[in-house]
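Below you'll find the structure, written out as structure tokens, and then a few comments.
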Amino acid sequence: MGLTISEVAEKTGISPHTLRFYEKEGLVPTVNRDHNGIRIYEDYHLEWLSFMVCLRSTNMPLSEMKKYVELTHFGKESISERKEMMLKHKKKVEEQLQETYRYLEKINYKLAFYDIHEKDLKILP
């Protein structure tokens, strides 16, 4: 495939700055460079980046992301440990969702309150 950093940024919505940061932090498998030193991304990089964005967007700390990436270097030997990491992270994400739903309920309650009071204002002479 061979995409440049700007093409990857356009396809993924990840800024070139963030792409470079992820690479520097070791969160992306080795990105080859062409004869001019320009990064060349492949399909598997896009899939990998999508997963890193997923982890980051669900509040996985950078240190845990790095640990996960390091574990991938051990191949099948680390599958159990990676699975355990994902199970723990899944639990945290589910807790975050529950908290978000509780906040949403409060917001909906407040909106219902406003709806009732707006109707009352329209009824008054």
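Residues are referred to by chain and number: the chain letter is A, B, ... according to the order shown in the structure tokens, the number counts from 1 in that chain, and ligands are numbered separately from 1 in the order shown.
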**Report entry** Test item: residues at most 12 Å from A:Asp43, only C-alpha atoms, excluding those fewer than 4 positions along its chain, as a list of chain:residue names
**Finding:** A:Met1, A:Gly2, A:Leu3, A:Thr4, A:Val8, A:Lys11, A:Thr12, A:Pro29, A:Val31, A:Glu47, A:Trp48, A:Leu49, A:Ser50
How would the residues just picked look written out with N, CA, C and O atoms as a compact mmCIF listing (two decimals), in the first residue's frame?
# COMPACT_ATOMS: atom_id res chain seq x y z
N MET A 1 0.84 -1.18 0.00
CA MET A 1 0.00 0.00 0.00
C MET A 1 0.88 1.24 0.00
O MET A 1 0.76 2.05 -0.89
N GLY A 2 1.72 1.43 0.96
CA GLY A 2 2.67 2.53 0.99
C GLY A 2 2.08 3.91 1.08
O GLY A 2 2.02 4.64 0.10
N LEU A 3 1.62 4.28 2.26
CA LEU A 3 1.06 5.61 2.49
C LEU A 3 2.06 6.50 3.22
O LEU A 3 2.79 6.05 4.09
N THR A 4 2.02 7.78 2.88
CA THR A 4 2.85 8.74 3.60
C THR A 4 2.15 9.14 4.90
O THR A 4 0.97 8.85 5.09
N VAL A 8 -1.88 8.97 5.82
CA VAL A 8 -2.37 8.24 7.00
C VAL A 8 -3.16 9.19 7.89
O VAL A 8 -4.23 8.84 8.38
N LYS A 11 -6.53 9.69 6.27
CA LYS A 11 -7.39 8.49 6.35
C LYS A 11 -7.87 8.20 7.77
O LYS A 11 -8.98 7.72 7.95
N THR A 12 -7.03 8.47 8.76
CA THR A 12 -7.34 8.08 10.13
C THR A 12 -7.85 9.21 11.00
O THR A 12 -8.45 8.95 12.06
N PRO A 29 4.23 -0.52 15.19
CA PRO A 29 5.30 -1.37 14.66
C PRO A 29 6.20 -0.55 13.74
O PRO A 29 5.78 0.46 13.18
N VAL A 31 7.98 1.52 11.26
CA VAL A 31 7.54 2.15 10.02
C VAL A 31 8.78 2.32 9.15
O VAL A 31 9.74 2.98 9.56
N GLU A 47 -4.43 -0.60 10.79
CA GLU A 47 -5.17 -1.43 11.75
C GLU A 47 -4.61 -1.25 13.16
O GLU A 47 -5.36 -1.12 14.13
N TRP A 48 -3.30 -1.25 13.26
CA TRP A 48 -2.65 -1.10 14.55
C TRP A 48 -2.97 0.27 15.15
O TRP A 48 -3.30 0.37 16.34
N LEU A 49 -2.87 1.30 14.35
CA LEU A 49 -3.17 2.65 14.83
C LEU A 49 -4.62 2.77 15.28
O LEU A 49 -4.90 3.41 16.30
N SER A 50 -5.51 2.13 14.57
CA SER A 50 -6.92 2.14 14.95
C SER A 50 -7.10 1.54 16.35
O SER A 50 -7.86 2.07 17.17
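Omitting stretch 58-63 of chain A and its sequence neighbours fewer than 2 positions away, and counting only C-alpha atoms, the residues within 12 Å are Phe21, Tyr22, Glu25, Gly26, Leu27, Phe51, Met52, Val53, Cys54, Leu55, Arg56, Met65, Lys66, Lys67, Tyr68, Val69, Glu70, Met85, Met86, Lys88, His89, Lys90, Lys91, Lys92, Val93, Glu94, Glu95, Gln96 and Leu97 of chain A.
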Atoms kept (C-alpha atoms) for selection, written as a PDB file, in the first residue's frame:
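Done, and the output landed in result.pdb:
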ATOM      1  CA  PHE A  21       4.601  10.647  18.881  1.00  0.00           C
ATOM      2  CA  TYR A  22       3.089   7.142  18.757  1.00  0.00           C
ATOM      3  CA  GLU A  25       6.872   5.993  22.049  1.00  0.00           C
ATOM      4  CA  GLY A  26       7.018   2.577  20.399  1.00  0.00           C
ATOM      5  CA  LEU A  27       3.245   2.263  20.007  1.00  0.00           C
ATOM      6  CA  PHE A  51      -6.471  -0.155  17.934  1.00  0.00           C
ATOM      7  CA  MET A  52      -4.087   2.281  19.686  1.00  0.00           C
ATOM      8  CA  VAL A  53      -6.636   5.090  19.188  1.00  0.00           C
ATOM      9  CA  CYS A  54      -9.316   2.801  20.623  1.00  0.00           C
ATOM     10  CA  LEU A  55      -7.221   2.128  23.731  1.00  0.00           C
ATOM     11  CA  ARG A  56      -6.284   5.778  24.172  1.00  0.00           C
ATOM     12  CA  MET A  65      -0.390   0.784  26.091  1.00  0.00           C
ATOM     13  CA  LYS A  66       3.388   0.485  25.993  1.00  0.00           C
ATOM     14  CA  LYS A  67       3.258  -2.641  28.140  1.00  0.00           C
ATOM     15  CA  TYR A  68       0.691  -4.163  25.782  1.00  0.00           C
ATOM     16  CA  VAL A  69       2.885  -3.391  22.764  1.00  0.00           C
ATOM     17  CA  GLU A  70       5.940  -4.870  24.506  1.00  0.00           C
ATOM     18  CA  MET A  85      -4.948  -6.709  30.211  1.00  0.00           C
ATOM     19  CA  MET A  86      -7.865  -6.365  27.794  1.00  0.00           C
ATOM     20  CA  LYS A  88      -9.201  -5.413  32.977  1.00  0.00           C
ATOM     21  CA  HIS A  89      -9.443  -2.556  30.522  1.00  0.00           C
ATOM     22  CA  LYS A  90     -12.875  -3.729  29.355  1.00  0.00           C
ATOM     23  CA  LYS A  91     -14.064  -3.673  32.962  1.00  0.00           C
ATOM     24  CA  LYS A  92     -12.812  -0.091  33.380  1.00  0.00           C
ATOM     25  CA  VAL A  93     -14.522   0.967  30.145  1.00  0.00           C
ATOM     26  CA  GLU A  94     -17.791  -0.617  31.286  1.00  0.00           C
ATOM     27  CA  GLU A  95     -17.533   1.251  34.599  1.00  0.00           C
ATOM     28  CA  GLN A  96     -16.894   4.499  32.702  1.00  0.00           C
ATOM     29  CA  LEU A  97     -19.956   3.838  30.544  1.00  0.00           C
TER      30      LEU A  97
END
Requested in this report: Could you tell me, as JSON, numbers by chain, which residues of chain A DSSP assigns to helix (DSSP H, G or I) when given the backbone?
Outcome: {"A": [5, 6, 7, 8, 9, 10, 11, 12, 16, 17, 18, 19, 20, 21, 22, 23, 24, 43, 44, 45, 46, 47, 48, 49, 50, 51, 52, 53, 54, 55, 56, 57, 62, 63, 64, 65, 66, 67, 68, 69, 70, 71, 72, 75, 76, 77, 78, 79, 80, 81, 82, 83, 84, 85, 86, 87, 88, 89, 90, 91, 92, 93, 94, 95, 96, 97, 98, 99, 100, 101, 102, 103, 104, 105, 106, 107, 108, 109, 110, 111, 112, 113, 114, 115, 116, 117, 118, 119, 120, 121, 122, 123]}
For the selection just defined, write its residues with C-alpha atoms to a file, as an mmCIF file, in the first residue's frame.
data_model
loop_
_atom_site.group_PDB
_atom_site.id
_atom_site.type_symbol
_atom_site.label_atom_id
_atom_site.label_comp_id
_atom_site.auth_asym_id
_atom_site.auth_seq_id
_atom_site.Cartn_x
_atom_site.Cartn_y
_atom_site.Cartn_z
ATOM 1 C CA ILE A 5 2.282 10.261 7.031
ATOM 2 C CA SER A 6 -0.066 12.905 5.545
ATOM 3 C CA GLU A 7 -2.116 10.253 3.781
ATOM 4 C CA VAL A 8 -2.367 8.236 7.002
ATOM 5 C CA ALA A 9 -3.364 11.388 8.878
ATOM 6 C CA GLU A 10 -6.075 12.082 6.311
ATOM 7 C CA LYS A 11 -7.388 8.487 6.350
ATOM 8 C CA THR A 12 -7.343 8.078 10.131
ATOM 9 C CA PRO A 16 1.016 13.789 11.852
ATOM 10 C CA HIS A 17 2.301 15.050 15.199
ATOM 11 C CA THR A 18 0.422 12.294 17.055
ATOM 12 C CA LEU A 19 1.571 9.686 14.523
ATOM 13 C CA ARG A 20 5.192 10.695 15.123
ATOM 14 C CA PHE A 21 4.601 10.647 18.881
ATOM 15 C CA TYR A 22 3.089 7.142 18.757
ATOM 16 C CA GLU A 23 6.039 5.963 16.697
ATOM 17 C CA LYS A 24 8.572 7.599 19.035
ATOM 18 C CA ASP A 43 -2.210 -1.594 5.816
ATOM 19 C CA TYR A 44 -1.269 -3.287 9.077
ATOM 20 C CA HIS A 45 -0.103 0.069 10.466
ATOM 21 C CA LEU A 46 -3.592 1.490 9.902
ATOM 22 C CA GLU A 47 -5.169 -1.431 11.749
ATOM 23 C CA TRP A 48 -2.648 -1.098 14.552
ATOM 24 C CA LEU A 49 -3.173 2.655 14.825
ATOM 25 C CA SER A 50 -6.924 2.137 14.954
ATOM 26 C CA PHE A 51 -6.471 -0.155 17.934
ATOM 27 C CA MET A 52 -4.087 2.281 19.686
ATOM 28 C CA VAL A 53 -6.636 5.090 19.188
ATOM 29 C CA CYS A 54 -9.316 2.801 20.623
ATOM 30 C CA LEU A 55 -7.221 2.128 23.731
ATOM 31 C CA ARG A 56 -6.284 5.778 24.172
ATOM 32 C CA SER A 57 -9.846 6.986 23.581
ATOM 33 C CA LEU A 62 0.173 5.378 27.890
ATOM 34 C CA SER A 63 2.228 3.167 30.211
ATOM 35 C CA GLU A 64 -0.289 0.315 29.845
ATOM 36 C CA MET A 65 -0.390 0.784 26.091
ATOM 37 C CA LYS A 66 3.388 0.485 25.993
ATOM 38 C CA LYS A 67 3.258 -2.641 28.140
ATOM 39 C CA TYR A 68 0.691 -4.163 25.782
ATOM 40 C CA VAL A 69 2.885 -3.391 22.764
ATOM 41 C CA GLU A 70 5.940 -4.870 24.506
ATOM 42 C CA LEU A 71 3.978 -8.050 25.213
ATOM 43 C CA THR A 72 3.121 -8.429 21.521
ATOM 44 C CA GLY A 75 4.023 -13.557 20.288
ATOM 45 C CA LYS A 76 1.816 -16.415 21.391
ATOM 46 C CA GLU A 77 3.645 -16.689 24.733
ATOM 47 C CA SER A 78 2.019 -13.463 25.894
ATOM 48 C CA ILE A 79 -1.533 -14.043 24.690
ATOM 49 C CA SER A 80 -2.843 -14.868 28.174
ATOM 50 C CA GLU A 81 -1.273 -11.758 29.657
ATOM 51 C CA ARG A 82 -2.567 -9.546 26.848
ATOM 52 C CA LYS A 83 -6.014 -11.052 27.223
ATOM 53 C CA GLU A 84 -5.922 -10.318 30.959
ATOM 54 C CA MET A 85 -4.948 -6.709 30.211
ATOM 55 C CA MET A 86 -7.865 -6.365 27.794
ATOM 56 C CA LEU A 87 -10.300 -7.910 30.301
ATOM 57 C CA LYS A 88 -9.201 -5.413 32.977
ATOM 58 C CA HIS A 89 -9.443 -2.556 30.522
ATOM 59 C CA LYS A 90 -12.875 -3.729 29.355
ATOM 60 C CA LYS A 91 -14.064 -3.673 32.962
ATOM 61 C CA LYS A 92 -12.812 -0.091 33.380
ATOM 62 C CA VAL A 93 -14.522 0.967 30.145
ATOM 63 C CA GLU A 94 -17.791 -0.617 31.286
ATOM 64 C CA GLU A 95 -17.533 1.251 34.599
ATOM 65 C CA GLN A 96 -16.894 4.499 32.702
ATOM 66 C CA LEU A 97 -19.956 3.838 30.544
ATOM 67 C CA GLN A 98 -22.115 3.248 33.611
ATOM 68 C CA GLU A 99 -20.905 6.518 35.076
ATOM 69 C CA THR A 100 -21.585 8.305 31.794
ATOM 70 C CA TYR A 101 -25.119 6.871 31.711
ATOM 71 C CA ARG A 102 -25.713 8.146 35.261
ATOM 72 C CA TYR A 103 -24.608 11.603 34.154
ATOM 73 C CA LEU A 104 -26.823 11.353 31.093
ATOM 74 C CA GLU A 105 -29.793 10.550 33.320
ATOM 75 C CA LYS A 106 -29.125 13.713 35.338
ATOM 76 C CA ILE A 107 -28.915 15.770 32.159
ATOM 77 C CA ASN A 108 -32.167 14.254 30.865
ATOM 78 C CA TYR A 109 -33.839 14.980 34.213
ATOM 79 C CA LYS A 110 -32.745 18.614 33.968
ATOM 80 C CA LEU A 111 -34.018 18.846 30.379
ATOM 81 C CA ALA A 112 -37.392 17.407 31.457
ATOM 82 C CA PHE A 113 -37.475 20.012 34.235
ATOM 83 C CA TYR A 114 -36.902 22.770 31.679
ATOM 84 C CA ASP A 115 -39.567 21.341 29.340
ATOM 85 C CA ILE A 116 -42.143 21.425 32.142
ATOM 86 C CA HIS A 117 -41.268 24.978 33.102
ATOM 87 C CA GLU A 118 -41.267 26.194 29.500
ATOM 88 C CA LYS A 119 -44.802 24.817 29.083
ATOM 89 C CA ASP A 120 -45.857 26.573 32.269
ATOM 90 C CA LEU A 121 -44.503 29.858 30.931
ATOM 91 C CA LYS A 122 -46.463 29.491 27.692
ATOM 92 C CA ILE A 123 -49.703 28.875 29.610
#
**Report entry** Residues of chain A in strand (DSSP E), written as a list in words
**Finding:** Asn32, Arg33, Arg39 and Ile40 of chain A
